[in-house]
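Text of work.txt (compact mmCIF, C-alpha atoms) as supplied:
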```txt
# COMPACT_ATOMS: atom_id res chain seq x y z
CA GLY A 1 -90.85 90.54 35.71
CA ASP A 2 -91.97 86.97 36.18
CA SER A 3 -94.15 86.56 39.27
CA VAL A 4 -96.81 84.33 40.71
CA ILE A 5 -99.23 85.64 43.33
CA GLN A 6 -101.00 83.51 45.91
CA MET A 7 -102.82 85.71 48.38
CA GLN A 8 -104.14 83.00 50.66
CA GLY A 9 -101.46 81.89 53.10
CA GLN A 10 -103.65 79.48 55.01
CA VAL A 11 -107.03 77.87 54.40
CA THR A 12 -108.97 75.74 56.89
CA LEU A 13 -111.89 73.62 55.71
CA SER A 14 -113.99 70.69 56.83
CA GLU A 15 -114.23 67.42 54.91
CA ASN A 16 -116.49 67.62 51.85
CA ASP A 17 -116.12 71.42 51.65
CA PHE A 18 -115.38 73.13 48.34
CA LEU A 19 -111.79 74.28 47.84
CA PHE A 20 -110.76 77.33 45.83
CA ILE A 21 -107.19 78.64 45.91
CA ASN A 22 -106.35 81.84 44.06
CA CYS A 23 -103.36 82.19 41.77
CA THR A 24 -102.52 85.01 39.38
CA TYR A 25 -99.38 85.43 37.30
CA SER A 26 -97.58 88.16 35.45
CA THR A 27 -98.27 88.46 31.76
CA THR A 28 -94.87 88.02 30.15
CA GLY A 29 -95.17 85.61 27.25
CA TYR A 30 -97.12 82.36 27.24
CA PRO A 31 -95.94 80.34 30.20
CA THR A 32 -96.75 76.79 31.13
CA LEU A 33 -98.57 76.80 34.47
CA PHE A 34 -98.37 74.26 37.27
CA TRP A 35 -99.82 73.35 40.63
CA TYR A 36 -97.46 71.51 42.97
CA VAL A 37 -98.45 69.90 46.28
CA GLN A 38 -96.18 69.35 49.28
CA TYR A 39 -97.18 66.91 52.01
CA SER A 40 -95.61 67.18 55.44
CA GLY A 41 -92.00 66.02 55.49
CA GLU A 42 -91.76 65.59 51.73
CA GLY A 43 -90.57 67.55 48.74
CA PRO A 44 -93.09 69.21 46.42
CA GLN A 45 -94.57 67.07 43.68
CA LEU A 46 -96.46 67.93 40.53
CA LEU A 47 -100.24 67.94 40.91
CA LEU A 48 -101.24 69.22 37.49
CA GLN A 49 -100.01 71.36 34.63
CA VAL A 50 -101.49 73.20 31.66
CA THR A 51 -99.45 74.26 28.67
CA THR A 52 -102.09 76.01 26.54
CA ALA A 53 -104.06 79.12 27.39
CA ASN A 54 -107.73 78.55 28.19
CA ASN A 55 -107.19 74.87 28.73
CA LYS A 56 -108.00 72.94 31.87
CA GLY A 57 -105.85 70.56 33.85
CA SER A 58 -107.11 67.97 36.28
CA SER A 59 -105.68 65.37 38.61
CA ARG A 60 -106.85 63.46 41.70
CA GLY A 61 -110.12 65.44 41.74
CA PHE A 62 -108.41 68.82 41.49
CA GLU A 63 -108.98 71.16 38.54
CA ALA A 64 -107.40 74.37 37.30
CA THR A 65 -108.14 76.45 34.23
CA TYR A 66 -105.52 78.56 32.51
CA ASP A 67 -107.35 81.84 31.88
CA LYS A 68 -105.12 84.05 29.79
CA GLY A 69 -107.68 86.85 29.81
CA THR A 70 -107.59 87.30 33.57
CA THR A 71 -104.05 85.84 33.98
CA SER A 72 -105.40 83.42 36.56
CA PHE A 73 -104.84 79.72 37.25
CA HIS A 74 -107.00 79.01 40.28
CA LEU A 75 -107.09 75.53 41.86
CA GLN A 76 -110.38 73.99 42.92
CA LYS A 77 -111.80 70.76 44.24
CA THR A 78 -115.45 69.99 44.84
CA SER A 79 -115.09 67.94 48.01
CA VAL A 80 -111.86 67.96 50.01
CA GLN A 81 -110.74 65.16 52.29
CA GLU A 82 -108.43 65.11 55.28
CA ILE A 83 -105.68 63.56 53.14
CA ASP A 84 -105.67 66.73 51.00
CA SER A 85 -104.10 68.66 53.88
CA ALA A 86 -100.86 69.99 52.42
CA VAL A 87 -99.19 73.09 51.03
CA TYR A 88 -100.17 73.98 47.46
CA TYR A 89 -97.90 76.01 45.18
CA CYS A 90 -98.83 77.68 41.94
CA ALA A 91 -95.88 77.96 39.54
CA ARG A 92 -95.07 79.27 36.10
CA ASN A 93 -92.44 78.24 33.64
CA MET A 94 -90.43 80.65 31.55
CA GLY A 95 -87.49 79.04 29.78
CA TYR A 96 -85.23 77.23 32.18
CA LYS A 97 -86.78 78.63 35.35
CA LEU A 98 -89.79 77.59 37.34
CA THR A 99 -91.07 80.41 39.54
CA PHE A 100 -93.25 79.51 42.51
CA GLY A 101 -95.83 81.44 44.47
CA THR A 102 -95.60 81.73 48.23
CA GLY A 103 -97.81 78.69 48.83
CA THR A 104 -101.19 78.07 50.45
CA SER A 105 -101.36 75.79 53.47
CA LEU A 106 -104.57 73.77 53.44
CA LEU A 107 -105.83 72.13 56.63
CA VAL A 108 -108.86 69.88 56.32
CA ASP A 109 -110.56 68.99 59.58
CA PRO A 110 -112.13 65.51 59.72
CA GLU B 1 -87.94 54.65 39.68
CA ALA B 2 -86.69 58.21 39.25
CA ALA B 3 -85.11 59.60 42.37
CA VAL B 4 -83.44 62.68 43.77
CA THR B 5 -81.61 62.18 47.03
CA GLN B 6 -80.18 64.88 49.27
CA SER B 7 -77.63 64.76 52.04
CA PRO B 8 -77.50 65.60 54.81
CA ARG B 9 -81.20 65.68 55.59
CA SER B 10 -80.56 67.87 58.58
CA LYS B 11 -77.59 69.95 59.68
CA VAL B 12 -76.71 72.42 62.39
CA ALA B 13 -73.91 74.82 61.48
CA VAL B 14 -72.19 77.69 63.21
CA THR B 15 -72.14 81.22 61.87
CA GLY B 16 -69.14 81.70 59.60
CA GLY B 17 -68.67 78.01 58.99
CA LYS B 18 -68.73 76.24 55.63
CA VAL B 19 -71.70 74.09 54.67
CA THR B 20 -72.04 71.78 51.68
CA LEU B 21 -75.39 70.31 50.71
CA SER B 22 -75.25 67.45 48.22
CA CYS B 23 -77.76 66.20 45.69
CA HIS B 24 -77.72 63.06 43.56
CA GLN B 25 -80.20 62.15 40.83
CA THR B 26 -80.77 58.92 38.96
CA ASN B 27 -83.26 60.44 36.51
CA ASN B 28 -80.75 61.04 33.72
CA HIS B 29 -81.97 64.65 33.59
CA ASP B 30 -79.76 67.44 32.30
CA TYR B 31 -81.23 70.21 34.45
CA MET B 32 -80.81 70.44 38.19
CA TYR B 33 -81.91 73.14 40.62
CA TRP B 34 -81.45 74.33 44.19
CA TYR B 35 -84.36 76.08 45.93
CA ARG B 36 -84.73 77.35 49.45
CA GLN B 37 -88.02 77.27 51.29
CA ASP B 38 -89.03 79.81 53.92
CA THR B 39 -92.39 80.50 55.49
CA GLY B 40 -93.96 83.44 53.69
CA HIS B 41 -91.59 83.21 50.73
CA GLY B 42 -92.39 79.85 49.26
CA LEU B 43 -89.71 78.29 47.06
CA ARG B 44 -87.01 80.55 45.69
CA LEU B 45 -84.41 79.56 43.13
CA ILE B 46 -80.77 79.86 44.21
CA HIS B 47 -78.74 78.20 41.43
CA TYR B 48 -79.34 75.82 38.58
CA SER B 49 -77.35 73.88 36.03
CA TYR B 50 -78.06 72.42 32.61
CA VAL B 51 -74.78 70.62 32.00
CA ALA B 52 -71.89 69.23 34.00
CA ASP B 53 -69.16 71.72 34.97
CA SER B 54 -71.48 74.69 34.47
CA THR B 55 -73.83 76.50 36.85
CA GLU B 56 -76.13 79.49 36.55
CA LYS B 57 -77.41 82.01 39.06
CA GLY B 58 -81.04 81.90 40.04
CA ASP B 59 -83.07 84.60 41.73
CA ILE B 60 -81.29 84.70 45.12
CA PRO B 61 -77.66 83.55 44.54
CA ASP B 62 -75.92 85.87 47.02
CA GLY B 63 -74.07 83.93 49.71
CA TYR B 64 -74.25 80.64 47.80
CA LYS B 65 -72.08 78.80 45.33
CA ALA B 66 -72.95 75.73 43.31
CA SER B 67 -70.98 72.90 41.77
CA ARG B 68 -72.00 70.36 39.11
CA PRO B 69 -69.13 67.87 38.75
CA SER B 70 -71.25 65.34 36.83
CA GLN B 71 -74.73 64.97 35.39
CA GLU B 72 -75.85 63.10 38.51
CA ASN B 73 -74.44 65.39 41.21
CA PHE B 74 -75.15 68.99 42.14
CA SER B 75 -73.91 70.64 45.34
CA LEU B 76 -74.81 73.86 47.10
CA ILE B 77 -72.03 75.51 49.05
CA LEU B 78 -72.28 78.12 51.77
CA GLU B 79 -68.74 79.38 52.30
CA LEU B 80 -69.61 81.57 55.29
CA ALA B 81 -72.92 80.48 56.75
CA SER B 82 -75.11 83.18 58.26
CA LEU B 83 -78.20 83.15 60.47
CA SER B 84 -80.35 84.30 57.55
CA GLN B 85 -79.50 81.11 55.67
CA THR B 86 -81.45 78.98 58.11
CA ALA B 87 -84.04 77.32 55.87
CA VAL B 88 -85.05 74.10 54.19
CA TYR B 89 -83.22 73.51 50.91
CA PHE B 90 -84.60 71.45 48.06
CA CYS B 91 -82.79 70.00 45.10
CA ALA B 92 -84.67 69.07 41.95
CA SER B 93 -84.04 67.63 38.53
CA ARG B 94 -86.09 68.45 35.48
CA ASP B 95 -87.70 66.44 32.77
CA TRP B 96 -87.97 68.35 29.48
CA GLY B 97 -90.52 66.19 27.75
CA GLU B 98 -92.72 68.04 25.26
CA ASN B 99 -91.69 71.55 26.25
CA THR B 100 -93.23 71.35 29.68
CA GLY B 101 -90.69 70.47 32.27
CA GLN B 102 -91.79 68.73 35.44
CA LEU B 103 -89.51 69.14 38.45
CA TYR B 104 -88.66 66.12 40.60
CA PHE B 105 -87.74 67.20 44.09
CA GLY B 106 -85.68 65.58 46.79
CA GLU B 107 -86.95 65.37 50.35
CA GLY B 108 -85.16 68.49 51.49
CA SER B 109 -82.24 69.41 53.74
CA LYS B 110 -83.05 71.35 56.87
CA LEU B 111 -80.23 73.75 57.74
CA THR B 112 -80.04 75.57 61.05
CA VAL B 113 -77.33 78.17 61.46
CA LEU B 114 -76.57 79.17 65.04
```
Please rewrite the model in this file as structure tokens.
Amino acid sequence: GDSVIQMQGQVTLSENDFLFINCTYSTTGYPTLFWYVQYSGEGPQLLLQVTTANNKGSSRGFEATYDKGTTSFHLQKTSVQEIDSAVYYCARNMGYKLTFGTGTSLLVDP
Amino acid sequence: EAAVTQSPRSKVAVTGGKVTLSCHQTNNHDYMYWYRQDTGHGLRLIHYSYVADSTEKGDIPDGYKASRPSQENFSLILELASLSQTAVYFCASRDWGENTGQLYFGEGSKLTVL
């Protein structure tokens, strides 16, 4: 069935560190893929999306590449800042439903 | 500016009681959704709706009902609240531009069942 896997529950980094968050998805069809970010006390909001396989999405210094061959959509950022501390969700779209992964909590120490 | 507002933002309920969570959107979106958020489970879809007076089951509908009386309003109803329904609930509306579909979330409703 439709599923999104995020293995990293929590990541702790220092400012200016490189960020890499894993996401893999099940292979049914050709979904649109998303990264959502949730700051403390708020609802999730769209960070970036990619609709076409093997394309890249980018926003606010974050990048993700839709790799259909490995069914991966990893999120990365070259240099994180304290304000990037949040929960990050990978998600896939199939028809009317948006299915989310379990989320990765990022803490960036100043 | 597009907005999704939820009420109440926080509620304490007793086991077996009835709880209604309300959601109102000013986005003029047809699709609306209810998700619950739990540590270790992320966001899971409970119910959704694509038109007024019609609702559809999501992935975890058991113990929940939904109501969509108008395009702007979408409610989640717990007829007999249970301890396991303690969670944060998020409502969202969806923009279907260019076959993508960004979700716009409310700020969440924290429900504690005692």
Margin query: Could you check the closest approach to chain B for each of A:Asn55, A:Thr24, A:Gln76, A:Thr32 and tell me which residue wins, using all atoms listed in the file?
Written below: A:Thr32
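For the set A:Val11, A:Leu98, A:Cys23, A:Ala91, the residue with the smallest atom-to-atom gap to B:Met32 is A:Leu98, counting all atoms listed in the file.
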Residues of chain B within 6 Å of chain A, counting all atoms listed in the file, as an mmCIF file with C-alpha atoms, keeping the file's coordinate frame:
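As a result, part27.cif now contains:
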```cif
data_model
loop_
_atom_site.group_PDB
_atom_site.id
_atom_site.type_symbol
_atom_site.label_atom_id
_atom_site.label_comp_id
_atom_site.auth_asym_id
_atom_site.auth_seq_id
_atom_site.Cartn_x
_atom_site.Cartn_y
_atom_site.Cartn_z
ATOM 1 C CA GLY B 40 -93.960 83.440 53.690
ATOM 2 C CA HIS B 41 -91.590 83.210 50.730
ATOM 3 C CA GLY B 42 -92.390 79.850 49.260
ATOM 4 C CA LEU B 43 -89.710 78.290 47.060
ATOM 5 C CA PHE B 105 -87.740 67.200 44.090
ATOM 6 C CA GLY B 106 -85.680 65.580 46.790
ATOM 7 C CA GLU B 107 -86.950 65.370 50.350
#
```
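Atom CA of A:Val37 sits 26.3 Å away from atom CA of B:Ala66.
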Check: Counting only C-alpha atoms, what is within 12 Å of B:Val113, bar same-chain residues fewer than 2 positions away, as an NGL selection string?
Finding: :B and (10-19 or 78 or 80-88 or 110-111)
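Atom CA of B:Gln6 lies 21.5 Å from atom CA of B:Asp62.
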Check: In Å, with one decimal, what is the gap from atom CA of B:Thr20 to atom CA of B:Leu76?
Finding: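 Separation of atom CA of B:Thr20 and atom CA of B:Leu76: 5.7 Å.
Excluding B:Asn28 itself and any same-chain residue fewer than 2 positions from it, the protein and nucleic acid residues within 10 Å of it, counting only C-alpha atoms, are Ala2, Ala3, Gln25, Thr26, Asp30, Tyr31, Gln71, Glu72, Ser93, Arg94 and Asp95 of chain B.
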Note to self: List as a list in words the protein and nucleic acid residues near A:Gly69, meaning an atom at most 12 Å away when only C-alpha atoms are counted, but skip any in the same chain fewer than 5 places from it.
What the structure shows: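 After dropping sequence-adjacent residues, the list is Thr24, Tyr25, Ser26, Thr27, Tyr30, Ala53 and Asn54 of chain A.
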Next item on the list: Within 9 Å of (-107.3, 68.2, 38.8) (coordinates as in the file), grab all the protein and nucleic acid residues, counting all atoms listed in the file, and write them out as number ranges by chain.
Entry: A: 47-49, 56-64, 75-77
Note to self: as a VMD selection string, please: the residues near A:Ser79 (cut-off 8 Å, only C-alpha atoms, same-chain neighbours under 5 positions excluded).
What the structure shows: chain A and resid 15 to 19
